[in-house]
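> Structure in structure tokens, see below.
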Amino acid sequence: MLSLWLRRLSTDRIARSRKASREASQAPLAVYGKRGNADVLVAVDDVAARYSLAAGLALTQARAMHPSLEAVPENTEADAQFLESIADWCLRYTPLIACDATDDLLLDITGCAHLYGGEAALIADLAARLERAGLAFSIAVAGSIGAAYAAARYGAPGSHANGNERKVLTPLPLASLRLASETVASLARVGLNRVGDIIDLPRAPLTARFGGTVVRQLDRALALEDEPLTPRLPVAPYIAEQRFAEPIAREEDVLAVTERLASRLKLALERRGDGARRIELTLFRTDGAIRRIAAGTSRSLRDAAEIRALFVERLAALADALDPGFGFDMARLSVLIAEPCAPEQIGIGGGEHVAEMNRLVDRLSARLGSQRVRRLVAQDSHLPEIAAATMPAQRTGDGDGDGDGWAAFRQYRDAVELSSRPLRLFARPEPIEAVAEVPDGPPLRFRWRRALHEVIFADGPERIEGAWWSEHGGQASGNLARDYFRIEDRSGLRFWLFRAGLYRDLSPGDAAPAWFVHGMFA
Amino acid sequence: MIEELRQHLRRLERPAGLEDGPAALPLGMPAVDAVLGGGLMRGALHEIAAAGEAHVAAATGFATGVASLATRPLLWVAEDMCSLESGAPYGPGLAGVGLAPKRLVTVAVAQRRDLLWAMEEALRCRAVGVVIGEMRHGALDTVAVRRLSLVAAESGALAFLLRAAPEDDASTAATRWIVATAVSNNERPRFLAQLVRNRRGPRGQWILEWSESDGHFTCAAHAQPVAAPPVHRPHRQVA
């Protein structure tokens, strides 16, 4: 477990943004915020610390001590964002990262350290990179989260072997156990200041007097009790990554790497009989920025060439270019969602066409967005606009099965001899001005989109009750019963009109029911 | 003799995607098929324009009716404006013109560039039988249309360009139709279909009737083909 404490997170953030705009200054820098009713310093940089300024000092007092002090109001959101971006960047070491407090990160480097040639080498690499980024930090590796945290914060940075927790913790202050400050204060009142003071005390009186947390935190730090790490990002089931000695920048290179990584993933996927449904390509830029590109598929996918083809479309669809800066020095391909993938039969039957169609759907979805490529599905409803819906084609399967409800719809249509439905349906019914016979007659003429239509033929009404059980239908026509008519006008245009509401339901003083055009027949 | 040789040539030139049918898709009406040279040519782009804003549904009906005669999946690419202005394809209604909604994949695009790209991509896919691209008014990039024609010729699929209003621009489409709705007395839907451009034969004008139960077009009895309009003025023929 590696704990990374960024000692001067907020002042480093401000200094970094200043460096970008080339305003170097030697004045002490402090960040202040309101605590209670007073402005107090919440963070100071190294220069200010040398001038014996510290967090907790009142701003006015600090200004009096050092008139040259530069004070900046705190911005917790920007700090959190900065920490997130550092956490993203740390993904190069391990996928298991947690943001513990406002200014430190926990990296689970179990099984990752050997990739860098041991824990010490990993720490050195991380330290060199952080230093180059101009961040003040302190790193410690230990067998438990608590021990790593305590060591990083309270003066024992470096790599500590598993089982050494006791030795590491003994000289550290009790606050290093992540206890509430009141608990620490009350422990101090009875003369218990260091972890070593309580490590061998009888447990029962300690618990009785100071609550269970003290003992639990101690056990966790000593690795006697398990402490779970909550990673900030879900961990992908399959990951392949590649580091480059020389940063790559060209799109073709990125795609070639993608294909190489995909062929590596293929072996892992095949071994477990899985296929990828959602794939993410993470590109780590040399300056620490990260680019994530995800692509979905309509069926479990393993083939490297097909995965590459998906990312060709994704890259083409990116609004802003890939922007490699000085190049990417690492790429990672992770399968975010994996599903069992049935072995495919090649050749006989129409299977080939289905696969071709799926590939097309994937390509279109990758370029245009999966919400834009859809299939029609039938739903069990008598309301026309709900009876047929659309679903992203990647989620409905290949249209071969019976999951889309059309077989059921056909049965229903034949059973009740449903009158014919329009070819095109408007997204929402369009209001018209109609002259119609009262109460139940079809319109004689009506005005739609400013043109007058003279009705020469009408068929209906087909009464469709509204969704009376639901509070509000969410549209202009509400939950009222509708009388649908098939109408033909003098030029042969065929409309599907309805009247929202029935005359018999009207109470005196109500407005007459409104008419709408809902669709057009061929 | 010449016709025989032509057919032989056509058979030789048939693209790989046509193994399941002849090079032309017969509409089942001898009068129309004769003019078209056996039917609507597969592996080619056909333009179908609505005679006016209100006739888009009729043009849609004509296109889907023809598409239902082909068997393989259908891809419908539409600009966003189209489904807002003319309504989106409605599954139960499609079933009414003989097109199984199962066969349909709809694609919504924001720009014309994407429309042409998606159509081209779909035509390159061997599984797709018919590609319908629906667009609003406005000029069409002739180079892009030419590309579509070429891609369609390679794949053997039918490509339809569904336009909201007749335009008179140059095009490499094999045929260009202007479709209006015709008075049907609320029986079977009827279309007034004008063939205003035909690369392989004369022009023509018919009143077609779609029979839902049989699933094909027939020529309405009282509307024998009239002579082609003497001058080609589609913009004046808005019904």
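Here, A, B, ... name the chains of the structure tokens in the order displayed, residue numbers run from 1 inside each chain, and ligands are numbered from 1 in the same displayed order.
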Counting only C-alpha atoms, what are the residues of chain B within 8 Å of chain A, and for each of them which pair of atoms is the nearest and at what distance in Å, to one decimal? Sort the table by chain and rising number, as a Markdown table.

```
| residue | atom | partner | partner_atom | distance |
| --- | --- | --- | --- | --- |
| B:Ala54 | CA | A:Leu493 | CA | 7.4 |
| B:His55 | CA | A:Leu493 | CA | 7.3 |
| B:Ala57 | CA | A:Ala522 | CA | 5.0 |
| B:Ala58 | CA | A:Ala522 | CA | 4.4 |
| B:Ala59 | CA | A:Ala522 | CA | 7.5 |
| B:Thr60 | CA | A:Ala522 | CA | 6.8 |
| B:Gly61 | CA | A:Ala522 | CA | 4.7 |
| B:Phe62 | CA | A:Ala522 | CA | 7.7 |
| B:Ser83 | CA | A:Phe426 | CA | 7.4 |
| B:Leu84 | CA | A:Ala427 | CA | 6.7 |
| B:Glu85 | CA | A:Phe426 | CA | 7.8 |
| B:Ser86 | CA | A:Phe426 | CA | 6.8 |
| B:Gly87 | CA | A:Phe426 | CA | 4.0 |
| B:Ala88 | CA | A:Arg424 | CA | 5.3 |
| B:Pro89 | CA | A:Arg424 | CA | 4.6 |
| B:Tyr90 | CA | A:Arg424 | CA | 5.1 |
| B:Gly91 | CA | A:Ala388 | CA | 6.0 |
| B:Pro92 | CA | A:Arg421 | CA | 6.0 |
| B:Gly93 | CA | A:Leu423 | CA | 4.3 |
| B:Leu94 | CA | A:Leu423 | CA | 5.7 |
| B:Gly96 | CA | A:Ser420 | CA | 6.8 |
| B:Pro101 | CA | A:Leu376 | CA | 6.3 |
| B:Lys102 | CA | A:Gly399 | CA | 5.8 |
| B:Arg103 | CA | A:Gly399 | CA | 7.2 |
| B:Leu104 | CA | A:Arg375 | CA | 6.4 |
| B:Val105 | CA | A:Arg375 | CA | 4.8 |
| B:Thr106 | CA | A:Arg374 | CA | 5.1 |
| B:Val107 | CA | A:Val373 | CA | 4.5 |
| B:Ala108 | CA | A:Arg372 | CA | 5.1 |
| B:Val109 | CA | A:Arg372 | CA | 7.1 |
| B:Ala118 | CA | A:Leu364 | CA | 6.8 |
| B:Glu121 | CA | A:Leu360 | CA | 7.5 |
| B:Ala122 | CA | A:Leu360 | CA | 6.7 |
| B:Cys125 | CA | A:Glu356 | CA | 6.6 |
| B:Arg126 | CA | A:Glu356 | CA | 6.9 |
| B:Ala127 | CA | A:His353 | CA | 4.8 |
| B:Val128 | CA | A:Met357 | CA | 7.1 |
| B:Thr181 | CA | A:Gly492 | CA | 5.7 |
| B:Ala182 | CA | A:Gly492 | CA | 4.9 |
| B:Val183 | CA | A:Gly492 | CA | 3.9 |
| B:Ser184 | CA | A:Gly492 | CA | 6.5 |
| B:Asn185 | CA | A:Phe457 | CA | 6.4 |
| B:Asn186 | CA | A:Glu488 | CA | 6.5 |
| B:Pro189 | CA | A:Ala522 | CA | 6.4 |
| B:Ala239 | CA | A:Ser491 | CA | 7.7 |
```
> Mind dumping the selected residues with C-alpha atoms as a PDB file, in the first residue's frame?

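What ended up in out20.pdb:
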```
ATOM      1  CA  ALA B  54     -47.071  17.276 -47.401  1.00  0.00           C
ATOM      2  CA  HIS B  55     -46.250  14.422 -49.750  1.00  0.00           C
ATOM      3  CA  ALA B  57     -45.285  10.392 -46.329  1.00  0.00           C
ATOM      4  CA  ALA B  58     -46.314   9.273 -49.828  1.00  0.00           C
ATOM      5  CA  ALA B  59     -42.701   9.294 -50.997  1.00  0.00           C
ATOM      6  CA  THR B  60     -41.817   7.323 -47.873  1.00  0.00           C
ATOM      7  CA  GLY B  61     -44.562   4.850 -48.656  1.00  0.00           C
ATOM      8  CA  PHE B  62     -43.272   4.399 -52.191  1.00  0.00           C
ATOM      9  CA  SER B  83     -38.093  13.303 -38.260  1.00  0.00           C
ATOM     10  CA  LEU B  84     -39.039  16.620 -36.676  1.00  0.00           C
ATOM     11  CA  GLU B  85     -40.768  17.967 -39.768  1.00  0.00           C
ATOM     12  CA  SER B  86     -42.265  14.865 -41.310  1.00  0.00           C
ATOM     13  CA  GLY B  87     -42.400  12.497 -38.366  1.00  0.00           C
ATOM     14  CA  ALA B  88     -40.331   9.434 -37.595  1.00  0.00           C
ATOM     15  CA  PRO B  89     -40.928   6.039 -39.202  1.00  0.00           C
ATOM     16  CA  TYR B  90     -43.590   4.304 -37.130  1.00  0.00           C
ATOM     17  CA  GLY B  91     -43.179   0.568 -36.621  1.00  0.00           C
ATOM     18  CA  PRO B  92     -46.822  -0.540 -36.765  1.00  0.00           C
ATOM     19  CA  GLY B  93     -47.288   1.554 -39.903  1.00  0.00           C
ATOM     20  CA  LEU B  94     -44.241   0.029 -41.556  1.00  0.00           C
ATOM     21  CA  GLY B  96     -48.727  -2.095 -42.841  1.00  0.00           C
ATOM     22  CA  PRO B 101     -39.867  -3.438 -38.468  1.00  0.00           C
ATOM     23  CA  LYS B 102     -37.321  -6.042 -37.405  1.00  0.00           C
ATOM     24  CA  ARG B 103     -35.437  -5.466 -40.612  1.00  0.00           C
ATOM     25  CA  LEU B 104     -34.978  -1.787 -39.969  1.00  0.00           C
ATOM     26  CA  VAL B 105     -32.095   0.037 -38.341  1.00  0.00           C
ATOM     27  CA  THR B 106     -32.550   3.792 -38.094  1.00  0.00           C
ATOM     28  CA  VAL B 107     -29.685   6.234 -37.958  1.00  0.00           C
ATOM     29  CA  ALA B 108     -30.163   9.888 -37.050  1.00  0.00           C
ATOM     30  CA  VAL B 109     -27.522  12.303 -38.283  1.00  0.00           C
ATOM     31  CA  ALA B 118     -23.388   6.766 -43.044  1.00  0.00           C
ATOM     32  CA  GLU B 121     -20.649   2.983 -44.845  1.00  0.00           C
ATOM     33  CA  ALA B 122     -23.934   1.057 -44.971  1.00  0.00           C
ATOM     34  CA  CYS B 125     -21.729  -3.618 -45.693  1.00  0.00           C
ATOM     35  CA  ARG B 126     -22.706  -6.791 -47.519  1.00  0.00           C
ATOM     36  CA  ALA B 127     -25.522  -7.583 -45.123  1.00  0.00           C
ATOM     37  CA  VAL B 128     -27.567  -4.508 -45.994  1.00  0.00           C
ATOM     38  CA  THR B 181     -50.200  11.130 -53.053  1.00  0.00           C
ATOM     39  CA  ALA B 182     -53.281  10.437 -55.177  1.00  0.00           C
ATOM     40  CA  VAL B 183     -56.926  10.383 -54.185  1.00  0.00           C
ATOM     41  CA  SER B 184     -57.775   6.898 -53.049  1.00  0.00           C
ATOM     42  CA  ASN B 185     -61.203   7.256 -51.443  1.00  0.00           C
ATOM     43  CA  ASN B 186     -59.687   5.822 -48.306  1.00  0.00           C
ATOM     44  CA  PRO B 189     -53.015   3.969 -50.688  1.00  0.00           C
ATOM     45  CA  ALA B 239     -49.625  19.040 -56.655  1.00  0.00           C
TER      46      ALA B 239
END
```
> What's around A:Pro431 at 8 Å? Count only C-alpha atoms, leave out sequence neighbours fewer than 6 positions away in its own chain, and write the answer as a ChimeraX atom specification.
/A:448,514-517
> Can you pull out every residue within 12 Å of B:Ile178, counting only C-alpha atoms, but drop anything in the same chain fewer than 2 positions away, and send it as an mmCIF file with C-alpha atoms, in the first residue's frame?

```cif
data_model
loop_
_atom_site.group_PDB
_atom_site.id
_atom_site.type_symbol
_atom_site.label_atom_id
_atom_site.label_comp_id
_atom_site.auth_asym_id
_atom_site.auth_seq_id
_atom_site.Cartn_x
_atom_site.Cartn_y
_atom_site.Cartn_z
ATOM 1 C CA HIS B 46 -32.324 6.126 -57.002
ATOM 2 C CA GLU B 47 -33.710 9.508 -56.091
ATOM 3 C CA ILE B 48 -37.230 9.720 -54.763
ATOM 4 C CA ALA B 49 -38.500 13.219 -54.169
ATOM 5 C CA ALA B 50 -41.767 14.164 -52.557
ATOM 6 C CA ALA B 51 -43.807 16.514 -54.721
ATOM 7 C CA GLY B 52 -44.087 18.826 -51.739
ATOM 8 C CA HIS B 55 -46.250 14.422 -49.750
ATOM 9 C CA VAL B 56 -43.225 13.193 -47.833
ATOM 10 C CA ALA B 58 -46.314 9.273 -49.828
ATOM 11 C CA ALA B 59 -42.701 9.294 -50.997
ATOM 12 C CA THR B 60 -41.817 7.323 -47.873
ATOM 13 C CA PHE B 62 -43.272 4.399 -52.191
ATOM 14 C CA ALA B 63 -39.700 3.893 -51.003
ATOM 15 C CA LEU B 161 -32.202 9.189 -51.618
ATOM 16 C CA LEU B 162 -35.449 10.476 -50.182
ATOM 17 C CA ARG B 163 -35.840 14.208 -50.678
ATOM 18 C CA ALA B 164 -38.445 16.498 -49.213
ATOM 19 C CA ALA B 165 -38.887 18.513 -52.401
ATOM 20 C CA PRO B 166 -38.072 17.913 -56.058
ATOM 21 C CA GLU B 167 -34.780 19.465 -57.081
ATOM 22 C CA ASP B 168 -33.466 19.866 -60.534
ATOM 23 C CA THR B 175 -33.621 7.062 -61.798
ATOM 24 C CA ARG B 176 -35.324 10.055 -60.333
ATOM 25 C CA ALA B 180 -47.255 12.613 -54.787
ATOM 26 C CA THR B 181 -50.200 11.130 -53.053
ATOM 27 C CA PHE B 191 -49.334 7.266 -55.389
ATOM 28 C CA LEU B 192 -48.836 9.429 -58.400
ATOM 29 C CA ALA B 193 -45.335 8.412 -59.382
ATOM 30 C CA GLN B 194 -43.533 10.343 -62.083
ATOM 31 C CA LEU B 195 -40.367 8.930 -63.458
ATOM 32 C CA VAL B 196 -38.630 12.123 -64.527
ATOM 33 C CA ARG B 197 -35.214 10.682 -65.213
ATOM 34 C CA ARG B 203 -39.744 8.485 -68.691
ATOM 35 C CA GLY B 204 -43.235 7.810 -67.495
ATOM 36 C CA GLN B 205 -45.999 8.593 -65.106
ATOM 37 C CA TRP B 206 -48.281 6.139 -63.329
ATOM 38 C CA ILE B 207 -50.778 5.955 -60.554
ATOM 39 C CA HIS B 232 -39.100 18.464 -67.554
ATOM 40 C CA ARG B 233 -40.204 21.018 -64.995
ATOM 41 C CA PRO B 234 -40.474 19.307 -61.668
ATOM 42 C CA HIS B 235 -40.716 22.537 -59.738
ATOM 43 C CA ARG B 236 -43.946 23.417 -61.508
ATOM 44 C CA GLN B 237 -45.584 20.115 -60.793
ATOM 45 C CA VAL B 238 -46.198 20.517 -57.144
ATOM 46 C CA ALA B 239 -49.625 19.040 -56.655
#
```
> Could you tell me, as a PyMOL selection string, which residues of stretch 14-159 of chain B DSSP assigns to strand (DSSP E or B) when given the backbone?
chain B and resi 24-25+40-41+44-50+74-79+88-89+104-109+130-135+158-159
> Would you export the selected residues with N, CA and C atoms as an mmCIF file, in the first residue's frame, please?

```
data_model
loop_
_atom_site.group_PDB
_atom_site.id
_atom_site.type_symbol
_atom_site.label_atom_id
_atom_site.label_comp_id
_atom_site.auth_asym_id
_atom_site.auth_seq_id
_atom_site.Cartn_x
_atom_site.Cartn_y
_atom_site.Cartn_z
ATOM 1 N N ALA B 24 -32.016 -6.586 -61.455
ATOM 2 C CA ALA B 24 -33.071 -5.589 -61.339
ATOM 3 C C ALA B 24 -34.154 -6.124 -60.418
ATOM 4 N N LEU B 25 -34.740 -5.233 -59.652
ATOM 5 C CA LEU B 25 -35.791 -5.629 -58.723
ATOM 6 C C LEU B 25 -37.125 -5.315 -59.387
ATOM 7 N N LEU B 40 -36.390 -1.991 -61.026
ATOM 8 C CA LEU B 40 -35.494 -0.991 -60.443
ATOM 9 C C LEU B 40 -34.105 -1.613 -60.302
ATOM 10 N N MET B 41 -33.112 -0.941 -60.858
ATOM 11 C CA MET B 41 -31.789 -1.537 -60.912
ATOM 12 C C MET B 41 -31.176 -1.615 -59.515
ATOM 13 N N ALA B 44 -27.511 0.505 -57.542
ATOM 14 C CA ALA B 44 -27.560 1.856 -58.110
ATOM 15 C C ALA B 44 -28.272 2.770 -57.135
ATOM 16 N N LEU B 45 -28.073 4.050 -57.350
ATOM 17 C CA LEU B 45 -28.719 5.040 -56.501
ATOM 18 C C LEU B 45 -29.981 5.539 -57.201
ATOM 19 N N HIS B 46 -31.078 5.607 -56.454
ATOM 20 C CA HIS B 46 -32.324 6.126 -57.002
ATOM 21 C C HIS B 46 -32.787 7.292 -56.156
ATOM 22 N N GLU B 47 -33.219 8.344 -56.820
ATOM 23 C CA GLU B 47 -33.710 9.508 -56.091
ATOM 24 C C GLU B 47 -35.223 9.486 -56.070
ATOM 25 N N ILE B 48 -35.776 9.642 -54.891
ATOM 26 C CA ILE B 48 -37.230 9.720 -54.763
ATOM 27 C C ILE B 48 -37.536 11.025 -54.060
ATOM 28 N N ALA B 49 -38.191 11.927 -54.758
ATOM 29 C CA ALA B 49 -38.500 13.219 -54.169
ATOM 30 C C ALA B 49 -39.992 13.318 -53.929
ATOM 31 N N ALA B 50 -40.356 13.887 -52.798
ATOM 32 C CA ALA B 50 -41.767 14.164 -52.557
ATOM 33 C C ALA B 50 -42.142 15.386 -53.386
ATOM 34 N N LEU B 74 -32.632 -3.333 -43.797
ATOM 35 C CA LEU B 74 -32.754 -2.007 -44.363
ATOM 36 C C LEU B 74 -32.176 -0.999 -43.377
ATOM 37 N N LEU B 75 -31.431 -0.089 -43.889
ATOM 38 C CA LEU B 75 -30.862 0.946 -43.042
ATOM 39 C C LEU B 75 -31.470 2.275 -43.451
ATOM 40 N N TRP B 76 -31.992 2.993 -42.489
ATOM 41 C CA TRP B 76 -32.681 4.244 -42.772
ATOM 42 C C TRP B 76 -31.892 5.357 -42.110
ATOM 43 N N VAL B 77 -31.212 6.158 -42.901
ATOM 44 C CA VAL B 77 -30.444 7.267 -42.365
ATOM 45 C C VAL B 77 -31.255 8.538 -42.597
ATOM 46 N N ALA B 78 -31.488 9.316 -41.547
ATOM 47 C CA ALA B 78 -32.300 10.517 -41.711
ATOM 48 C C ALA B 78 -31.652 11.683 -40.989
ATOM 49 N N GLU B 79 -31.747 12.839 -41.590
ATOM 50 C CA GLU B 79 -31.295 14.039 -40.895
ATOM 51 C C GLU B 79 -32.276 14.336 -39.767
ATOM 52 N N ALA B 88 -41.277 10.544 -37.535
ATOM 53 C CA ALA B 88 -40.331 9.434 -37.595
ATOM 54 C C ALA B 88 -41.041 8.204 -38.127
ATOM 55 N N PRO B 89 -40.305 7.283 -38.743
ATOM 56 C CA PRO B 89 -40.928 6.039 -39.202
ATOM 57 C C PRO B 89 -41.581 5.324 -38.024
ATOM 58 N N LEU B 104 -35.376 -3.181 -39.837
ATOM 59 C CA LEU B 104 -34.978 -1.787 -39.969
ATOM 60 C C LEU B 104 -33.994 -1.365 -38.877
ATOM 61 N N VAL B 105 -32.968 -0.661 -39.280
ATOM 62 C CA VAL B 105 -32.095 0.037 -38.341
ATOM 63 C C VAL B 105 -32.152 1.507 -38.720
ATOM 64 N N THR B 106 -32.489 2.368 -37.774
ATOM 65 C CA THR B 106 -32.550 3.792 -38.094
ATOM 66 C C THR B 106 -31.299 4.488 -37.573
ATOM 67 N N VAL B 107 -30.857 5.448 -38.340
ATOM 68 C CA VAL B 107 -29.685 6.234 -37.958
ATOM 69 C C VAL B 107 -30.062 7.704 -38.072
ATOM 70 N N ALA B 108 -29.884 8.449 -37.007
ATOM 71 C CA ALA B 108 -30.163 9.888 -37.050
ATOM 72 C C ALA B 108 -28.836 10.617 -37.179
ATOM 73 N N VAL B 109 -28.770 11.552 -38.103
ATOM 74 C CA VAL B 109 -27.522 12.303 -38.283
ATOM 75 C C VAL B 109 -27.828 13.796 -38.194
ATOM 76 N N VAL B 130 -31.011 -2.628 -48.534
ATOM 77 C CA VAL B 130 -31.517 -1.344 -48.976
ATOM 78 C C VAL B 130 -31.019 -0.268 -48.016
ATOM 79 N N VAL B 131 -30.575 0.838 -48.566
ATOM 80 C CA VAL B 131 -30.194 1.982 -47.748
ATOM 81 C C VAL B 131 -31.061 3.160 -48.171
ATOM 82 N N ILE B 132 -31.788 3.719 -47.212
ATOM 83 C CA ILE B 132 -32.587 4.898 -47.507
ATOM 84 C C ILE B 132 -31.942 6.086 -46.812
ATOM 85 N N GLY B 133 -31.620 7.108 -47.561
ATOM 86 C CA GLY B 133 -31.081 8.324 -46.967
ATOM 87 C C GLY B 133 -32.107 9.421 -47.120
ATOM 88 N N GLU B 134 -32.547 9.964 -46.004
ATOM 89 C CA GLU B 134 -33.601 10.960 -46.075
ATOM 90 C C GLU B 134 -33.015 12.328 -45.780
ATOM 91 N N MET B 135 -33.282 13.283 -46.655
ATOM 92 C CA MET B 135 -32.700 14.609 -46.460
ATOM 93 C C MET B 135 -33.735 15.691 -46.702
ATOM 94 N N LEU B 158 -29.563 -1.658 -52.990
ATOM 95 C CA LEU B 158 -30.383 -0.561 -53.496
ATOM 96 C C LEU B 158 -30.144 0.655 -52.617
ATOM 97 N N ALA B 159 -29.904 1.794 -53.230
ATOM 98 C CA ALA B 159 -29.747 3.005 -52.443
ATOM 99 C C ALA B 159 -30.824 3.999 -52.859
#
```
> What gap, in Å, lies between atom CA of A:Phe328 and atom CA of A:Asp362?
26.7 Å
> Could you name the residues that touch stretch 199-210 of chain A at 10 Å or less, counting only C-alpha atoms, but leaving out those on the same chain fewer than 5 positions away, as a short mmCIF file (atom, residue, chain, number, x, y, z; two decimals) with N, CA and C atoms, in the first residue's frame?

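around.cif written:
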```cif
data_model
loop_
_atom_site.label_atom_id
_atom_site.label_comp_id
_atom_site.auth_asym_id
_atom_site.auth_seq_id
_atom_site.Cartn_x
_atom_site.Cartn_y
_atom_site.Cartn_z
N ARG A 166 4.62 -2.34 13.34
CA ARG A 166 4.76 -2.01 14.76
C ARG A 166 5.96 -1.08 14.97
N LEU A 169 5.26 2.43 13.54
CA LEU A 169 4.24 3.24 14.20
C LEU A 169 4.65 3.69 15.59
N THR A 170 5.44 2.87 16.28
CA THR A 170 5.73 3.14 17.69
C THR A 170 6.12 4.60 17.98
N THR A 183 -10.53 13.00 20.36
CA THR A 183 -10.02 11.76 20.93
C THR A 183 -8.53 11.90 21.24
N VAL A 184 -7.80 12.48 20.27
CA VAL A 184 -6.36 12.65 20.47
C VAL A 184 -6.11 13.53 21.70
N SER A 186 -8.08 14.02 24.31
CA SER A 186 -8.39 13.38 25.59
C SER A 186 -7.37 12.31 25.92
N LEU A 187 -6.80 11.67 24.90
CA LEU A 187 -5.72 10.72 25.16
C LEU A 187 -4.50 11.45 25.70
N ARG A 194 2.01 9.03 22.05
CA ARG A 194 2.55 8.32 20.90
C ARG A 194 1.83 6.99 20.74
N VAL A 215 -9.02 1.50 19.22
CA VAL A 215 -8.48 0.16 19.06
C VAL A 215 -8.62 -0.31 17.61
N ARG A 216 -9.73 0.05 16.98
CA ARG A 216 -9.92 -0.42 15.61
C ARG A 216 -8.88 0.21 14.67
N LEU A 218 -6.02 1.29 15.48
CA LEU A 218 -4.71 0.73 15.80
C LEU A 218 -4.56 -0.64 15.13
N ASP A 219 -5.61 -1.46 15.24
CA ASP A 219 -5.55 -2.79 14.63
C ASP A 219 -5.39 -2.70 13.12
N LEU A 222 -1.93 -1.74 12.26
CA LEU A 222 -0.99 -2.83 12.50
C LEU A 222 -1.26 -4.02 11.59
#
```
> Determine which residues of chain B DSSP labels as alpha helix (DSSP H) from the backbone of this structure, then write them out as JSON, numbers by chain.
{"B": [2, 3, 4, 5, 6, 7, 8, 9, 10, 11, 12, 13, 30, 31, 32, 33, 34, 35, 36, 56, 57, 58, 59, 60, 61, 62, 63, 64, 65, 66, 67, 68, 69, 80, 81, 82, 83, 84, 85, 86, 91, 92, 93, 94, 95, 96, 112, 113, 114, 115, 116, 117, 118, 119, 120, 121, 122, 123, 124, 142, 143, 144, 145, 146, 147, 148, 149, 150, 151, 152, 153, 154, 155]}
> If you measure from atom CA of B:Arg124 to atom CA of B:Ser155, what distance in Å do you get, rounded to one decimal?
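Computed distance, atom CA of B:Arg124 to atom CA of B:Ser155, equals 6.2 Å.
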> With a distance cut-off of 9 Å and only C-alpha atoms, select the neighbouring residues of A:Ala71, excluding the residue or stretch itself and same-chain residues fewer than 2 positions from it, and output the selection as a PyMOL selection string.
chain A and resi 28-32+41+59+63+69+73
> Store the residues picked out above in a file with N, CA and C atoms, as a compact mmCIF listing (two decimals), in the first residue's frame.

```
# COMPACT_ATOMS: atom_id res chain seq x y z
N PRO A 28 6.19 35.11 0.23
CA PRO A 28 5.50 33.96 0.82
C PRO A 28 4.05 33.91 0.35
N LEU A 29 3.59 32.72 0.12
CA LEU A 29 2.25 32.53 -0.43
C LEU A 29 1.41 31.76 0.60
N ALA A 30 0.20 32.22 0.80
CA ALA A 30 -0.67 31.50 1.73
C ALA A 30 -2.08 31.48 1.17
N VAL A 31 -2.83 30.49 1.56
CA VAL A 31 -4.22 30.37 1.16
C VAL A 31 -5.06 30.54 2.42
N TYR A 32 -6.07 31.39 2.34
CA TYR A 32 -6.88 31.59 3.54
C TYR A 32 -8.34 31.27 3.25
N LEU A 41 -5.44 31.33 7.87
CA LEU A 41 -4.67 30.64 6.85
C LEU A 41 -5.03 29.17 6.90
N LEU A 59 -5.53 35.60 9.46
CA LEU A 59 -4.98 36.28 8.29
C LEU A 59 -4.41 37.65 8.67
N ARG A 63 -0.62 38.94 8.16
CA ARG A 63 -0.31 40.13 7.38
C ARG A 63 0.55 41.09 8.19
N LEU A 69 3.29 39.23 2.52
CA LEU A 69 2.56 37.97 2.33
C LEU A 69 1.52 38.09 1.23
N PRO A 73 -7.58 33.55 -1.62
CA PRO A 73 -8.72 32.83 -1.03
C PRO A 73 -8.72 31.37 -1.45
```
> Which residue, A:Glu259, A:Asp440, A:Asp303, A:Asp253, has the smallest gap to A:Asp274 when you use only C-alpha atoms?
A:Asp303
> Which residue out of B:Val66, B:Leu36, B:Leu27, B:Val143 has the minimum interatomic distance to B:Gly129 when only C-alpha atoms are used?
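Comparing B:Val66, B:Leu36, B:Leu27, B:Val143 against B:Gly129, the winner is B:Val66.
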> Between atom CA of A:Gly36 and atom CA of A:Asn75, what distance in Å does the model show, to one decimal?
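According to the coordinates, atom CA of A:Gly36 and atom CA of A:Asn75 are separated by 17.0 Å.
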